Every structure is written in C-alpha cells, then in structure tokens.
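Source file: run.txt; contents: compact mmCIF, C-alpha atoms and all ligand atoms.
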# COMPACT_ATOMS: atom_id res chain seq x y z
CA MET A 1 4.47 24.09 -12.13
CA ARG A 2 5.11 20.32 -12.49
CA PRO A 3 6.78 18.54 -9.60
CA MET A 4 10.55 17.97 -9.78
CA THR A 5 10.25 14.21 -9.78
CA LYS A 6 10.30 11.36 -12.25
CA ALA A 7 6.92 10.23 -10.91
CA GLN A 8 3.97 10.43 -13.28
CA PHE A 9 0.72 11.93 -11.96
CA GLN A 10 -2.76 10.85 -12.98
CA VAL A 11 -5.24 13.28 -11.48
CA PHE A 12 -9.02 12.69 -11.38
CA ALA A 13 -12.03 14.69 -10.23
CA THR A 14 -13.33 12.11 -7.76
CA SER A 15 -12.00 9.37 -5.50
CA GLN A 16 -14.24 6.89 -7.33
CA ALA A 17 -12.58 7.79 -10.64
CA VAL A 18 -9.19 7.28 -8.97
CA ALA A 19 -10.28 3.85 -7.71
CA GLU A 20 -11.48 2.77 -11.15
CA ALA A 21 -8.27 3.93 -12.84
CA VAL A 22 -6.09 2.10 -10.29
CA ALA A 23 -8.22 -1.03 -10.66
CA SER A 24 -7.77 -0.91 -14.45
CA HIS A 25 -4.03 -0.46 -14.04
CA ILE A 26 -3.75 -3.51 -11.75
CA ALA A 27 -6.00 -5.58 -14.02
CA GLU A 28 -3.87 -4.73 -17.06
CA ALA A 29 -0.71 -5.70 -15.18
CA VAL A 30 -2.17 -9.08 -14.23
CA GLN A 31 -3.54 -9.69 -17.73
CA SER A 32 -0.19 -8.96 -19.34
CA ARG A 33 1.72 -10.98 -16.73
CA PRO A 34 -0.55 -13.56 -15.04
CA GLN A 35 2.27 -14.57 -12.63
CA SER A 36 2.50 -10.99 -11.33
CA VAL A 37 3.75 -10.52 -7.78
CA LEU A 38 1.55 -7.79 -6.29
CA GLY A 39 2.49 -5.70 -3.29
CA LEU A 40 -0.82 -4.82 -1.62
CA ALA A 41 -1.87 -2.08 0.78
CA THR A 42 -4.81 -1.65 3.14
CA GLY A 43 -6.46 1.49 4.56
CA LYS A 44 -9.54 3.51 3.72
CA THR A 45 -8.10 4.68 0.39
CA PHE A 46 -8.02 1.13 -0.93
CA VAL A 47 -11.57 0.06 -0.03
CA PRO A 48 -13.01 1.52 -3.28
CA VAL A 49 -9.94 0.38 -5.23
CA TYR A 50 -10.49 -3.28 -4.28
CA ALA A 51 -14.24 -2.92 -4.88
CA ALA A 52 -13.54 -1.62 -8.39
CA LEU A 53 -10.93 -4.32 -9.01
CA VAL A 54 -13.29 -7.09 -7.90
CA ALA A 55 -16.06 -5.69 -10.13
CA LEU A 56 -13.70 -5.38 -13.10
CA SER A 57 -12.31 -8.89 -12.56
CA LYS A 58 -15.82 -10.33 -12.53
CA ALA A 59 -16.93 -8.31 -15.57
CA LYS A 60 -13.85 -9.14 -17.65
CA GLY A 61 -13.04 -12.60 -16.26
CA ILE A 62 -9.62 -11.53 -15.00
CA SER A 63 -7.90 -14.32 -13.10
CA PHE A 64 -5.40 -14.04 -10.26
CA ALA A 65 -4.88 -17.82 -10.22
CA GLU A 66 -1.22 -17.53 -11.16
CA ALA A 67 -0.49 -14.34 -9.22
CA SER A 68 0.97 -13.90 -5.72
CA SER A 69 0.60 -11.07 -3.26
CA PHE A 70 2.49 -9.62 -0.32
CA ASN A 71 0.80 -7.04 1.87
CA LEU A 72 2.84 -4.16 3.20
CA ASP A 73 2.08 -4.54 6.87
CA GLU A 74 0.18 -6.03 9.78
CA TYR A 75 -0.37 -5.06 13.41
CA VAL A 76 1.77 -6.96 15.93
CA GLY A 77 -0.22 -9.17 18.29
CA LEU A 78 -3.60 -9.22 16.55
CA PRO A 79 -4.86 -12.68 15.62
CA PRO A 80 -5.55 -12.93 11.87
CA ASN A 81 -9.30 -13.23 12.51
CA HIS A 82 -9.42 -9.98 14.53
CA PRO A 83 -11.82 -7.66 12.64
CA ALA A 84 -9.24 -4.86 12.50
CA SER A 85 -6.35 -7.07 11.33
CA PHE A 86 -5.13 -6.36 7.84
CA ARG A 87 -5.60 -10.08 7.04
CA CYS A 88 -9.29 -9.66 7.85
CA TYR A 89 -9.47 -6.45 5.76
CA MET A 90 -7.91 -8.22 2.79
CA GLU A 91 -10.24 -11.21 3.09
CA GLU A 92 -13.30 -8.94 3.26
CA ASN A 93 -12.31 -6.51 0.52
CA PHE A 94 -10.39 -8.64 -1.95
CA PHE A 95 -9.19 -12.20 -1.32
CA ARG A 96 -12.58 -13.83 -0.83
CA HIS A 97 -13.88 -12.32 -4.08
CA VAL A 98 -11.10 -13.42 -6.46
CA ASP A 99 -9.28 -16.63 -7.37
CA LEU A 100 -5.89 -15.67 -5.88
CA PRO A 101 -4.69 -18.92 -4.20
CA ALA A 102 -4.83 -18.60 -0.40
CA ASP A 103 -1.30 -19.94 0.05
CA ARG A 104 0.06 -17.17 -2.18
CA ALA A 105 -1.82 -14.29 -0.49
CA MET A 106 0.76 -13.30 2.09
CA LEU A 107 0.79 -10.86 5.01
CA PRO A 108 3.47 -10.59 7.69
CA GLU A 109 2.86 -13.23 10.41
CA ALA A 110 2.60 -10.67 13.20
CA HIS A 111 1.04 -12.80 15.94
CA GLY A 112 4.07 -15.01 16.76
CA ASP A 113 7.83 -14.43 16.75
CA ALA A 114 7.87 -11.04 15.00
CA ALA A 115 11.63 -10.87 14.36
CA ALA A 116 11.58 -14.29 12.69
CA ALA A 117 8.50 -13.28 10.71
CA CYS A 118 10.31 -10.24 9.27
CA LEU A 119 13.19 -12.37 7.98
CA ALA A 120 10.79 -14.98 6.62
CA TYR A 121 8.81 -12.30 4.79
CA GLU A 122 11.88 -10.90 3.04
CA ALA A 123 12.88 -14.45 2.05
CA ALA A 124 9.40 -15.21 0.72
CA ILE A 125 9.38 -12.05 -1.42
CA ALA A 126 12.82 -12.89 -2.80
CA ALA A 127 11.77 -16.49 -3.51
CA ARG A 128 8.92 -15.15 -5.69
CA GLY A 129 11.40 -13.02 -7.65
CA GLY A 130 10.51 -9.70 -6.01
CA VAL A 131 7.44 -7.49 -6.28
CA ASP A 132 6.32 -6.48 -9.79
CA LEU A 133 3.70 -3.89 -8.82
CA GLN A 134 3.62 -2.31 -5.37
CA LEU A 135 0.52 -0.43 -4.25
CA LEU A 136 1.00 2.27 -1.62
CA GLY A 137 -1.21 4.65 0.28
CA ILE A 138 0.27 7.53 2.23
CA GLY A 139 -0.27 8.76 5.77
CA ARG A 140 -0.91 12.40 6.60
CA ASN A 141 2.57 12.43 8.15
CA GLY A 142 4.05 11.03 4.92
CA HIS A 143 4.34 7.41 6.09
CA ILE A 144 4.41 4.63 3.49
CA GLY A 145 3.61 1.14 4.70
CA PHE A 146 4.03 1.70 8.42
CA ASN A 147 7.40 3.39 7.94
CA GLU A 148 6.94 6.43 10.12
CA PRO A 149 8.99 9.66 9.87
CA GLY A 150 12.63 8.90 10.65
CA ALA A 151 12.61 5.43 9.09
CA PRO A 152 15.76 4.87 7.00
CA PHE A 153 15.35 4.73 3.22
CA ASP A 154 17.27 1.42 3.10
CA GLY A 155 15.21 -0.28 5.83
CA ARG A 156 14.04 -3.89 5.46
CA THR A 157 10.92 -5.62 6.80
CA GLN A 158 10.88 -4.82 10.51
CA VAL A 159 8.85 -4.20 13.65
CA THR A 160 7.96 -0.52 13.91
CA GLN A 161 6.39 1.71 16.58
CA LEU A 162 3.33 3.55 15.32
CA THR A 163 3.11 7.28 16.00
CA PRO A 164 0.20 8.69 18.05
CA SER A 165 -1.19 10.33 14.88
CA THR A 166 -1.22 7.00 13.00
CA ILE A 167 -2.84 5.23 15.95
CA ALA A 168 -5.46 8.00 16.13
CA ALA A 169 -6.12 7.79 12.36
CA ASN A 170 -6.70 4.02 12.59
CA THR A 171 -8.70 3.86 15.85
CA SER A 172 -12.00 3.99 13.95
CA ASP A 173 -11.12 0.62 12.35
CA PHE A 174 -11.26 -1.02 15.80
CA PRO A 175 -14.28 -2.12 17.81
CA ASP A 176 -15.55 0.55 20.24
CA GLY A 177 -13.19 1.14 23.13
CA GLU A 178 -10.35 -0.90 21.63
CA VAL A 179 -7.09 0.88 20.89
CA PRO A 180 -4.84 -0.17 17.95
CA PRO A 181 -1.66 -2.03 18.93
CA PRO A 182 1.37 0.28 19.25
CA GLU A 183 3.51 -1.86 16.94
CA ALA A 184 3.29 -3.29 13.44
CA ILE A 185 5.44 -5.29 11.07
CA THR A 186 6.05 -3.36 7.88
CA MET A 187 8.04 -3.86 4.73
CA GLY A 188 10.96 -1.42 5.00
CA ILE A 189 11.40 1.48 2.63
CA GLY A 190 14.35 -0.36 1.06
CA THR A 191 12.10 -3.37 0.49
CA ILE A 192 9.42 -1.16 -1.07
CA LEU A 193 11.90 0.59 -3.38
CA GLU A 194 12.95 -2.78 -4.85
CA ALA A 195 9.52 -3.24 -6.45
CA ARG A 196 9.77 -2.92 -10.23
CA GLU A 197 6.82 -0.53 -10.36
CA ILE A 198 5.10 1.54 -7.66
CA VAL A 199 1.56 2.93 -7.70
CA LEU A 200 0.80 5.46 -4.96
CA VAL A 201 -2.86 6.26 -4.36
CA ALA A 202 -3.95 9.39 -2.47
CA THR A 203 -7.42 10.87 -2.18
CA GLY A 204 -8.86 13.76 -0.20
CA ALA A 205 -7.57 17.09 1.06
CA GLY A 206 -5.99 15.41 4.09
CA LYS A 207 -3.29 13.92 1.85
CA ALA A 208 -2.40 17.11 -0.07
CA GLU A 209 0.44 18.22 2.18
CA ALA A 210 1.99 14.75 2.46
CA LEU A 211 1.90 14.39 -1.33
CA ALA A 212 3.58 17.77 -1.85
CA ARG A 213 6.26 17.02 0.75
CA SER A 214 6.87 13.65 -0.90
CA PHE A 215 7.31 14.90 -4.43
CA LEU A 216 8.26 18.60 -4.29
CA ALA A 217 10.64 18.75 -1.33
CA THR A 218 14.19 17.43 -1.16
CA PRO A 219 14.02 13.76 -0.08
CA ALA A 220 14.49 13.45 3.69
CA VAL A 221 13.71 10.77 6.27
CA ASP A 222 11.22 13.03 8.05
CA CYS A 223 8.90 12.36 5.08
CA PRO A 224 9.08 8.65 4.15
CA GLY A 225 7.09 9.24 0.94
CA SER A 226 9.93 11.39 -0.39
CA ALA A 227 12.01 8.20 -0.77
CA LEU A 228 9.84 7.49 -3.81
CA GLN A 229 11.72 10.20 -5.71
CA GLN A 230 14.58 7.66 -5.87
CA HIS A 231 12.46 5.13 -7.76
CA PRO A 232 12.43 5.17 -11.59
CA HIS A 233 8.85 3.98 -12.13
CA VAL A 234 6.29 5.58 -9.82
CA THR A 235 2.76 6.59 -10.85
CA VAL A 236 0.65 8.64 -8.46
CA PHE A 237 -3.12 8.22 -8.87
CA CYS A 238 -4.85 11.02 -6.97
CA ASP A 239 -7.88 13.25 -6.93
CA ASP A 240 -7.93 17.02 -7.32
CA GLU A 241 -8.06 17.53 -3.55
CA ALA A 242 -4.95 15.46 -2.86
CA TYR A 243 -3.16 17.14 -5.79
CA ALA A 244 -4.04 20.66 -4.64
CA GLU A 245 -0.71 21.54 -2.99
CA ILE A 246 1.33 20.10 -5.86
CA ALA A 247 -0.80 22.06 -8.34
CA LYS A 248 0.31 25.27 -6.60
CA GLY A 249 3.91 24.23 -7.35
C1 LIG A 301 -1.76 0.33 4.80
C2 LIG A 301 -0.57 1.18 4.91
C3 LIG A 301 -0.67 2.62 5.24
C4 LIG A 301 -1.85 3.34 4.61
C5 LIG A 301 -1.89 4.80 5.05
C6 LIG A 301 -3.09 5.53 4.49
O1 LIG A 301 -1.40 -0.99 4.44
O2 LIG A 301 0.49 0.69 4.76
O3 LIG A 301 0.53 3.26 4.85
O4 LIG A 301 -1.77 3.25 3.21
O5 LIG A 301 -1.92 4.87 6.44
O6 LIG A 301 -4.23 4.99 5.07
P1 LIG A 301 -5.69 5.49 4.63
O7 LIG A 301 -5.90 5.02 3.24
O8 LIG A 301 -6.61 4.82 5.61
O9 LIG A 301 -5.69 6.97 4.74

For this file, write the structure as structure tokens.
Amino acid sequence: MRPMTKAQFQVFATSQAVAEAVASHIAEAVQSRPQSVLGLATGKTFVPVYAALVALSKAKGISFAEASSFNLDEYVGLPPNHPASFRCYMEENFFRHVDLPADRAMLPEAHGDAAAACLAYEAAIAARGGVDLQLLGIGRNGHIGFNEPGAPFDGRTQVTQLTPSTIAANTSDFPDGEVPPPEAITMGIGTILEAREIVLVATGAGKAEALARSFLATPAVDCPGSALQQHPHVTVFCDDEAYAEIAKG
C-alpha cells in the first residue's frame, strides 16, 4: 500500500545509490537555478551524499559560485573549529571542495549569544529570499533538524535541548571521552516548512520506523517528521531498508 501522503518516494537498493541520486537532484537544482538557496544537513547519512555531490560537481563542472547555503543546526558552545562542530563537518565534507563563497555558507552562530543568533539566522534566510531546496535527515525518534519530539510545527530557529537518545547517537562523532553538548540551535519546524522544496534522506533499517511514523501516521508533535505531510513538495530518497515499514503499509 502507498503511504497516505503527498510526498514522493524514490527507493534504491543501496545507500550509495541513494547518495548518488540525491547528489544528482541537488546538482540539477543548482544548474537550473545557479542562485539557489540550499538548506543543508549534517549527520552520517549525508557523508556519502556530499562525497557524491563533490565528485559530480568536479566531473560536470557544476558551480556553486552564485548559490548560498544555510545549515539546519549547530551545537551550542562548540567553537567552529571543534572537530565535532557541524561547521567543521561541512568544511571537511563539502565547503572546502566546491566554489560556494565562504561568506554565503551559513551555520547558526552557536558559540556566542544564542538567542541573538537565532533571530539573526531567520533574518539572514529571509534576506536571501528563503530556502529553495532543504535537505533533511531524520533521527530514529523522528527528529528533523534538532527538533526533538514535542517541538511545535510552527517553531522558528531556536535553542533546543537534545534528548538522551540523540546525544547517544552523536557521541561517536566526538573525541574519546567527550560528551556532546546538551543544547543546539536548530531551524524550527515552521522555518523548515517554508522551504520551497524538501528532500528527506533516510538509509538503513534504523530509520524504517521513523519514516513510517512520519508518513503513514496522523501528523503529531511526538514525531517531528510527520510535519512534512503538511508540505506540498517533499521527496524522500531512501534505501530498501529504510522503506521496509512503509512497504508493509
Ligand atoms: C543534522 C540534523 C539531524 C540528522 C539526524 C540523522 O544536521 O539535523 O536531524 O539529520 O540526526 O542523523 P544521521 O544521518 O547521523 O543518522
């Protein structure tokens, strides 16, 4: 049975095939609109996506020189050069390999006045005309960005408390013995839903339940991903494992 959602599903046999398809989709968006405003995500899911996008950009000469980007989130209190900061992740996996101008590759400024940074981030997104293409991963608990269960669907960029399960999932990104910060700045769900197009990427069996709750169940704040049912233009790129629960209907 197909899910009761407007979202389109593109299902692939392997996570590498998912990564290549997402990379092609982003590249086509930037080629057709060089001034694209990209909403970017981090996490393990996106490591092969950025690798594929960098390879494709080099092979096809795709330029990001006129594009801008806004990442979804950043840990509060980590300096940008901390190896587990999302700024560092983006530099390593994407920014340093492409010609996206550094002053238009934005992440929340989460190492100073966080409340002021949230307002500034919303203003910066609006000043660029809003996000054209928003990339999202999903947490096992259904979180999108760092909007944990209970986050309102109309929330704006804000400081959020990470749940123990999210902290546990991300501990391996930190140097030995270091625990992730308990707080992050994240675009709100309301901010995310204003993007003109959303691409959600999910790979592996660990995401199957969150994907099914997001797209088969009645939207509810206990599963932030279910807010995506309200958006008119969502494409889910996933592998067979992540799709398994939806395939059962
Ligand atoms: C990352 C983000 C998170 C991740 C999610 C999945 O910027 O906002 O929502 O997309 O936690 O992470 P991985 O891909 O590591 O399973």

Per residue of chain A within 9 Å of ligand LIG 301 (chain A), note the shortest atom pair and the distance in Å to one decimal, counting all atoms listed in the file, and order the rows by chain and increasing residue number, as JSON lines.
{"residue": "A:Leu40", "atom": "CA", "partner": "A:LIG301", "partner_atom": "O1", "distance": 7.2}
{"residue": "A:Ala41", "atom": "CA", "partner": "A:LIG301", "partner_atom": "O1", "distance": 3.8}
{"residue": "A:Thr42", "atom": "CA", "partner": "A:LIG301", "partner_atom": "O1", "distance": 3.7}
{"residue": "A:Gly43", "atom": "CA", "partner": "A:LIG301", "partner_atom": "O8", "distance": 3.5}
{"residue": "A:Lys44", "atom": "CA", "partner": "A:LIG301", "partner_atom": "O8", "distance": 3.7}
{"residue": "A:Thr45", "atom": "CA", "partner": "A:LIG301", "partner_atom": "O7", "distance": 3.6}
{"residue": "A:Phe46", "atom": "CA", "partner": "A:LIG301", "partner_atom": "O7", "distance": 6.1}
{"residue": "A:Val47", "atom": "CA", "partner": "A:LIG301", "partner_atom": "O7", "distance": 8.2}
{"residue": "A:Asn71", "atom": "CA", "partner": "A:LIG301", "partner_atom": "O1", "distance": 6.9}
{"residue": "A:Leu72", "atom": "CA", "partner": "A:LIG301", "partner_atom": "O1", "distance": 5.4}
{"residue": "A:Asp73", "atom": "CA", "partner": "A:LIG301", "partner_atom": "O1", "distance": 5.5}
{"residue": "A:Glu74", "atom": "CA", "partner": "A:LIG301", "partner_atom": "O1", "distance": 7.5}
{"residue": "A:Phe86", "atom": "CA", "partner": "A:LIG301", "partner_atom": "O1", "distance": 7.4}
{"residue": "A:Leu135", "atom": "CA", "partner": "A:LIG301", "partner_atom": "O4", "distance": 8.6}
{"residue": "A:Leu136", "atom": "CA", "partner": "A:LIG301", "partner_atom": "O4", "distance": 5.7}
{"residue": "A:Gly137", "atom": "CA", "partner": "A:LIG301", "partner_atom": "O4", "distance": 3.3}
{"residue": "A:Ile138", "atom": "CA", "partner": "A:LIG301", "partner_atom": "C5", "distance": 4.5}
{"residue": "A:Gly139", "atom": "CA", "partner": "A:LIG301", "partner_atom": "O5", "distance": 4.3}
{"residue": "A:Arg140", "atom": "CA", "partner": "A:LIG301", "partner_atom": "O9", "distance": 7.5}
{"residue": "A:Asn141", "atom": "CA", "partner": "A:LIG301", "partner_atom": "O5", "distance": 9.0}
{"residue": "A:Gly142", "atom": "CA", "partner": "A:LIG301", "partner_atom": "O3", "distance": 8.5}
{"residue": "A:His143", "atom": "CA", "partner": "A:LIG301", "partner_atom": "O3", "distance": 5.8}
{"residue": "A:Ile144", "atom": "CA", "partner": "A:LIG301", "partner_atom": "O3", "distance": 4.3}
{"residue": "A:Gly145", "atom": "CA", "partner": "A:LIG301", "partner_atom": "O2", "distance": 3.2}
{"residue": "A:Phe146", "atom": "CA", "partner": "A:LIG301", "partner_atom": "O2", "distance": 5.2}
{"residue": "A:Asn147", "atom": "CA", "partner": "A:LIG301", "partner_atom": "O3", "distance": 7.5}
{"residue": "A:Glu148", "atom": "CA", "partner": "A:LIG301", "partner_atom": "O3", "distance": 8.9}
{"residue": "A:Thr166", "atom": "CA", "partner": "A:LIG301", "partner_atom": "O5", "distance": 6.9}
{"residue": "A:Ala169", "atom": "CA", "partner": "A:LIG301", "partner_atom": "O8", "distance": 7.4}
{"residue": "A:Asn170", "atom": "CA", "partner": "A:LIG301", "partner_atom": "O8", "distance": 7.0}
{"residue": "A:Thr186", "atom": "CA", "partner": "A:LIG301", "partner_atom": "O2", "distance": 7.6}
{"residue": "A:Met187", "atom": "CA", "partner": "A:LIG301", "partner_atom": "O2", "distance": 8.8}
{"residue": "A:Leu200", "atom": "CA", "partner": "A:LIG301", "partner_atom": "O4", "distance": 8.8}
{"residue": "A:Val201", "atom": "CA", "partner": "A:LIG301", "partner_atom": "O4", "distance": 8.2}
{"residue": "A:Ala202", "atom": "CA", "partner": "A:LIG301", "partner_atom": "O7", "distance": 7.5}
{"residue": "A:Thr203", "atom": "CA", "partner": "A:LIG301", "partner_atom": "O7", "distance": 8.1}
{"residue": "A:Gly204", "atom": "CA", "partner": "A:LIG301", "partner_atom": "O9", "distance": 9.0}
{"residue": "A:Gly206", "atom": "CA", "partner": "A:LIG301", "partner_atom": "O9", "distance": 8.5}
{"residue": "A:Lys207", "atom": "CA", "partner": "A:LIG301", "partner_atom": "O9", "distance": 7.9}

Selection to disk with C-alpha atoms, as a compact mmCIF listing (two decimals), in the coordinates of the input:
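Contents of the output file again_35.txt:
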# COMPACT_ATOMS: atom_id res chain seq x y z
CA LEU A 40 -0.82 -4.82 -1.62
CA ALA A 41 -1.87 -2.08 0.78
CA THR A 42 -4.81 -1.65 3.14
CA GLY A 43 -6.46 1.49 4.56
CA LYS A 44 -9.54 3.51 3.72
CA THR A 45 -8.10 4.68 0.39
CA PHE A 46 -8.02 1.13 -0.93
CA VAL A 47 -11.57 0.06 -0.03
CA ASN A 71 0.80 -7.04 1.87
CA LEU A 72 2.84 -4.16 3.20
CA ASP A 73 2.08 -4.54 6.87
CA GLU A 74 0.18 -6.03 9.78
CA PHE A 86 -5.13 -6.36 7.84
CA LEU A 135 0.52 -0.43 -4.25
CA LEU A 136 1.00 2.27 -1.62
CA GLY A 137 -1.21 4.65 0.28
CA ILE A 138 0.27 7.53 2.23
CA GLY A 139 -0.27 8.76 5.77
CA ARG A 140 -0.91 12.40 6.60
CA ASN A 141 2.57 12.43 8.15
CA GLY A 142 4.05 11.03 4.92
CA HIS A 143 4.34 7.41 6.09
CA ILE A 144 4.41 4.63 3.49
CA GLY A 145 3.61 1.14 4.70
CA PHE A 146 4.03 1.70 8.42
CA ASN A 147 7.40 3.39 7.94
CA GLU A 148 6.94 6.43 10.12
CA THR A 166 -1.22 7.00 13.00
CA ALA A 169 -6.12 7.79 12.36
CA ASN A 170 -6.70 4.02 12.59
CA THR A 186 6.05 -3.36 7.88
CA MET A 187 8.04 -3.86 4.73
CA LEU A 200 0.80 5.46 -4.96
CA VAL A 201 -2.86 6.26 -4.36
CA ALA A 202 -3.95 9.39 -2.47
CA THR A 203 -7.42 10.87 -2.18
CA GLY A 204 -8.86 13.76 -0.20
CA GLY A 206 -5.99 15.41 4.09
CA LYS A 207 -3.29 13.92 1.85

Would you please work out which residue, of A:Cys223, A:Ala59, A:Ile246, A:Ala184, is nearest to Pro108 in chain A when using only C-alpha atoms?
->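 Using only C-alpha atoms, the shortest distance to Pro108 in chain A belongs to A:Ala184.
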
Which one is closest to Asp239 in chain A: A:Ile189, A:Ala13, A:Ala52, A:Val199? Count only C-alpha atoms.
-> A:Ala13

Nearest to Thr191 in chain A by atom-to-atom distance, counting only C-alpha atoms, from A:Glu91, A:Asp222, A:Glu245, A:Glu122 =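 The closest residue to Thr191 in chain A is A:Glu122.
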
Contacts of range 213-219 of chain A within 7 Å, all atoms listed in the file, excl. fewer than 4 positions in-chain, as a ChimeraX atom specification = /A:3-5,142,209,223,225-227,229

Pull C-alpha atoms from the residues just selected and write them as a JSON list (two decimals), keeping the file's coordinate frame.
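New file part-v5.json:
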[["chain", "number", "residue", "atom", "x", "y", "z"],
["A", 3, "PRO", "CA", 6.78, 18.54, -9.60],
["A", 4, "MET", "CA", 10.55, 17.97, -9.78],
["A", 5, "THR", "CA", 10.25, 14.21, -9.78],
["A", 142, "GLY", "CA", 4.05, 11.03, 4.92],
["A", 209, "GLU", "CA", 0.44, 18.22, 2.18],
["A", 223, "CYS", "CA", 8.90, 12.36, 5.08],
["A", 225, "GLY", "CA", 7.09, 9.24, 0.94],
["A", 226, "SER", "CA", 9.93, 11.39, -0.39],
["A", 227, "ALA", "CA", 12.01, 8.20, -0.77],
["A", 229, "GLN", "CA", 11.72, 10.20, -5.71]]

Compile the contact shell of Glu66 in chain A as a ChimeraX atom specification: residues with an atom at most 8 Å away, counting all atoms listed in the file, same-chain residues fewer than 3 positions apart removed.
-> /A:34-36,63,100-101

CA of Leu107 in chain A and CA of Ser85 in chain A, how far apart in Å?
->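 The value is 10.3 Å.
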
Pick the closest to Met106 in chain A from A:Arg156, A:Val37, A:Lys60, A:Phe174: which is it, counting only C-alpha atoms?
->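 When distances to Met106 in chain A are compared using only C-alpha atoms, the smallest one comes from A:Val37.
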
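The interatomic distance for the pair CA of Leu193 in chain A and CA of Ser68 in chain A works out to 18.3 Å.
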
Coordinates-based distance that separates CA of Phe95 in chain A from CA of Ser69 in chain A (Å, one decimal) = 10.0 Å

Exercise: Gly112 in chain A partners within 10 Å, only C-alpha atoms, chain neighbours under 2 positions left out, as a list of chain:residue names =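 The contact residues come out as A:Val76, A:Gly77, A:Leu78, A:Pro79, A:Glu109, A:Ala110, A:Ala114, A:Ala115, A:Ala116, A:Ala117.
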
Saved selection, atoms kept: C-alpha atoms, as an mmCIF file, in the frame of the given file:
data_model
loop_
_atom_site.group_PDB
_atom_site.id
_atom_site.type_symbol
_atom_site.label_atom_id
_atom_site.label_comp_id
_atom_site.auth_asym_id
_atom_site.auth_seq_id
_atom_site.Cartn_x
_atom_site.Cartn_y
_atom_site.Cartn_z
ATOM 1 C CA VAL A 76 1.770 -6.960 15.930
ATOM 2 C CA GLY A 77 -0.220 -9.170 18.290
ATOM 3 C CA LEU A 78 -3.600 -9.220 16.550
ATOM 4 C CA PRO A 79 -4.860 -12.680 15.620
ATOM 5 C CA GLU A 109 2.860 -13.230 10.410
ATOM 6 C CA ALA A 110 2.600 -10.670 13.200
ATOM 7 C CA ALA A 114 7.870 -11.040 15.000
ATOM 8 C CA ALA A 115 11.630 -10.870 14.360
ATOM 9 C CA ALA A 116 11.580 -14.290 12.690
ATOM 10 C CA ALA A 117 8.500 -13.280 10.710
#

Write out as a VMD selection string the residues lying within 12 Å of Pro175 in chain A, counting only C-alpha atoms and excluding same-chain residues fewer than 2 positions away.
-> chain A and resid 82 to 85 170 to 173 177 to 180

Give as a list in words the set of residues within 10 Å of the point (-9.4, 7.8, -12.1), where distances use the file's coordinates and all atoms listed in the file.
->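 Here is the list of nearby residues: Gln10, Val11, Phe12, Ala13, Thr14, Ser15, Gln16, Ala17, Val18, Ala19, Glu20, Ala21, Val22, Ala23, Ser24, Phe237, Cys238 and Asp239 of chain A.
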
A:Ala151, A:Leu133, A:Cys118, A:Met90 ranked by distance to Glu28 in chain A, top pick (using only C-alpha atoms) =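 Using only C-alpha atoms, Glu28 in chain A sits closest to A:Leu133.
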
Counting only C-alpha atoms, which of A:Ala205, A:Phe70, A:Ala102, A:Phe94 gets nearest to Ala124 in chain A?
->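 Closest residue, counting only C-alpha atoms: A:Phe70.
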
Output as a PDB file, in the frame of the given file: range 95-110 of chain A, completed with N, CA and C atoms.
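New file result.pdb:
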ATOM      1  N   PHE A  95      -9.556 -10.788  -1.120  1.00  0.00           N
ATOM      2  CA  PHE A  95      -9.190 -12.200  -1.320  1.00  0.00           C
ATOM      3  C   PHE A  95     -10.406 -13.096  -1.536  1.00  0.00           C
ATOM      4  N   ARG A  96     -11.460 -12.888  -0.734  1.00  0.00           N
ATOM      5  CA  ARG A  96     -12.580 -13.830  -0.830  1.00  0.00           C
ATOM      6  C   ARG A  96     -13.380 -13.681  -2.134  1.00  0.00           C
ATOM      7  N   HIS A  97     -13.107 -12.595  -2.860  1.00  0.00           N
ATOM      8  CA  HIS A  97     -13.880 -12.320  -4.080  1.00  0.00           C
ATOM      9  C   HIS A  97     -13.161 -12.729  -5.366  1.00  0.00           C
ATOM     10  N   VAL A  98     -11.879 -13.101  -5.251  1.00  0.00           N
ATOM     11  CA  VAL A  98     -11.100 -13.420  -6.460  1.00  0.00           C
ATOM     12  C   VAL A  98     -10.455 -14.791  -6.309  1.00  0.00           C
ATOM     13  N   ASP A  99      -9.822 -15.267  -7.389  1.00  0.00           N
ATOM     14  CA  ASP A  99      -9.280 -16.630  -7.370  1.00  0.00           C
ATOM     15  C   ASP A  99      -7.791 -16.676  -7.035  1.00  0.00           C
ATOM     16  N   LEU A 100      -7.280 -15.649  -6.342  1.00  0.00           N
ATOM     17  CA  LEU A 100      -5.890 -15.670  -5.880  1.00  0.00           C
ATOM     18  C   LEU A 100      -5.730 -16.821  -4.886  1.00  0.00           C
ATOM     19  N   PRO A 101      -4.811 -17.778  -5.126  1.00  0.00           N
ATOM     20  CA  PRO A 101      -4.690 -18.920  -4.200  1.00  0.00           C
ATOM     21  C   PRO A 101      -4.337 -18.461  -2.784  1.00  0.00           C
ATOM     22  N   ALA A 102      -5.013 -19.037  -1.792  1.00  0.00           N
ATOM     23  CA  ALA A 102      -4.830 -18.600  -0.400  1.00  0.00           C
ATOM     24  C   ALA A 102      -3.379 -18.731   0.059  1.00  0.00           C
ATOM     25  N   ASP A 103      -2.684 -19.755  -0.427  1.00  0.00           N
ATOM     26  CA  ASP A 103      -1.300 -19.940   0.050  1.00  0.00           C
ATOM     27  C   ASP A 103      -0.325 -18.990  -0.637  1.00  0.00           C
ATOM     28  N   ARG A 104      -0.829 -18.175  -1.577  1.00  0.00           N
ATOM     29  CA  ARG A 104       0.060 -17.170  -2.180  1.00  0.00           C
ATOM     30  C   ARG A 104      -0.430 -15.752  -1.881  1.00  0.00           C
ATOM     31  N   ALA A 105      -1.329 -15.602  -0.929  1.00  0.00           N
ATOM     32  CA  ALA A 105      -1.820 -14.290  -0.490  1.00  0.00           C
ATOM     33  C   ALA A 105      -1.214 -14.027   0.889  1.00  0.00           C
ATOM     34  N   MET A 106      -0.067 -13.373   0.886  1.00  0.00           N
ATOM     35  CA  MET A 106       0.760 -13.300   2.090  1.00  0.00           C
ATOM     36  C   MET A 106       0.618 -11.958   2.822  1.00  0.00           C
ATOM     37  N   LEU A 107       0.599 -12.042   4.153  1.00  0.00           N
ATOM     38  CA  LEU A 107       0.790 -10.860   5.010  1.00  0.00           C
ATOM     39  C   LEU A 107       1.852 -11.245   6.034  1.00  0.00           C
ATOM     40  N   PRO A 108       2.529 -10.249   6.624  1.00  0.00           N
ATOM     41  CA  PRO A 108       3.470 -10.590   7.690  1.00  0.00           C
ATOM     42  C   PRO A 108       2.751 -11.361   8.797  1.00  0.00           C
ATOM     43  N   GLU A 109       3.425 -12.393   9.328  1.00  0.00           N
ATOM     44  CA  GLU A 109       2.860 -13.230  10.410  1.00  0.00           C
ATOM     45  C   GLU A 109       3.132 -12.527  11.731  1.00  0.00           C
ATOM     46  N   ALA A 110       2.280 -11.581  12.100  1.00  0.00           N
ATOM     47  CA  ALA A 110       2.600 -10.670  13.200  1.00  0.00           C
ATOM     48  C   ALA A 110       2.036 -11.107  14.545  1.00  0.00           C
TER      49      ALA A 110
END
